[in-house]
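Asker: Take a look at the following structure, please.
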Amino acid sequence: MRLLIAALAILAATSARAQDVPIVPAGAGGRFERQIDAKTRSDGFGPGEVAAFRRAISPIIEQLAAMPAVNAPPAPVCHRLKSWIELINPHGVMGAEIAVMAPISFGDGRCSRMTGGGIILKVNMPGAGLDPSRANVRRDERDGDWYVLAFKPARNPRLVEYELNGDDYAIITHGRAPAFRPVSMERYLREKIEQARRDGADIVVRETETALAALSPARRLQPACMVSGYELSANPACPPERTLVEFNPAYFDRSRPTDVQLLILGTPVHRYHGEDDAKLASRTQMWKAIDRAALAARVR
């Protein structure tokens, strides 16, 4: 998972912000640590709301902390359970990162401050599973990019799994609204026209306007179907894995900004840099041991 690997690297590299959250030994002879964010303010929300959000994510943190695969890593592996409440909340709800990371070494009774990789959970942060560099259509940041996602067959209506350029993602939703919605043919073509105008591509503007004018009213409303990254299919019967979609802007209930409404789980598919056999085995065991049903009960 390229995006997840990048996210884990960011978690490891941003030591300045991590230093604001104390690291506390919590077991396994010092090889299990906690670094839990206790901030009281976040952009747009007061101390009471931040405290309510911390209470909402606390059961998720404690679920991970109670897992033997997390709190009793095999020597000499270290595990650090950490959380971070986001300072900026673009979707009108509070967001957080919760992770179990592997410090790079253990010595003199302490785990190294520097970490490698691990498992990560993103709370109310849809961008965690969408890499802008992999978008089929880049748009203004306020509007959100459009993607073709290889959706997997739904085993549970609240579990969304998809592949993006060989990377796997699992999203637990609240179930009241879809996490993604199709982009219509008309919206796609109008966006293409606007981008071509900004680029001064007059021929593309004329060709796309002609294509849009030729569509029937019903066809305009059908989902845009992509043959390849940027080529539109003429086939009206579009399979889900070729449908152009966007994150649903109506997904979040902004009247409940402190609730856990979306969870994204991830871990690198392959070894991260410096991950030896012991760390890989430990991370794999943690990933398999996560009780996803219990996590789903926290999403509301």
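Letters A, B, ... go to the chains of the structure tokens in the order shown; residues in each chain start at 1; ligands are counted from 1 in the same order.
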Quick one: residues within 12 Å of stretch 184-192 of chain A, only C-alpha atoms, excluding same-chain residues fewer than 5 positions away - as a PyMOL selection string?

Answerer: chain A and resi 136-140+143+145-147+197-199+201-202+204-226+230-236+238+243-246

Asker: For A:Leu81, please output as a list in words all residues within 10 Å (counting only C-alpha atoms; exclusion window: fewer than 3 positions along the same chain).

Answerer: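 Neighbouring residues, sequence-local ones excluded: Ile23, Val24, Ala26, Phe32, Glu33, Arg34, Gln35, Ile36, Ile61, Glu62, Leu64, Ala65, Val70, Asn71, Ile98, Ala99, Val100, Met101, Ala102, Gly118, Ile119 and Ile120 of chain A.
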
Asker: Name the residues of stretch 21-82 of chain A that come out as helix (DSSP H, G or I) in a backbone DSSP run; write them as a count of residues only.

Answerer: 26

Asker: Tell me which protein, DNA and RNA residues are within 8 Å of A:Tyr162, counting only C-alpha atoms, leaving out same-chain ones fewer than 5 positions away, and put them as a list in words.

Answerer: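 That gives Leu149, Ala150, Phe151, Lys152, Asp168, Tyr169 and Ala170 of chain A.
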
Asker: If we count only C-alpha atoms, what is near A:Ser255 at a cut-off of 12 Å, once residues fewer than 5 positions away on the same chain are taken out, given as a ChimeraX atom specification?

Answerer: /A:49,91-94,261

Asker: What lies within 8 Å of A:Glu86 using only C-alpha atoms, ignoring chain neighbours under 4 positions off, as a list in words?

Answerer: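 The filter keeps Ser42, Met94, Gly95, Ala96 and Glu97 of chain A.
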
Asker: Counting only C-alpha atoms, which residue out of A:Ala179, A:Ala52, A:Ala296, A:Cys78 sits closest to A:Pro25?

Answerer: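 Among the listed residues, the smallest separation from A:Pro25 belongs to A:Cys78.
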
Asker: Quick one, how far is atom CA of A:Phe247 from atom CA of A:Met286?

Answerer: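 Going from atom CA of A:Phe247 over to atom CA of A:Met286 covers 28.8 Å.
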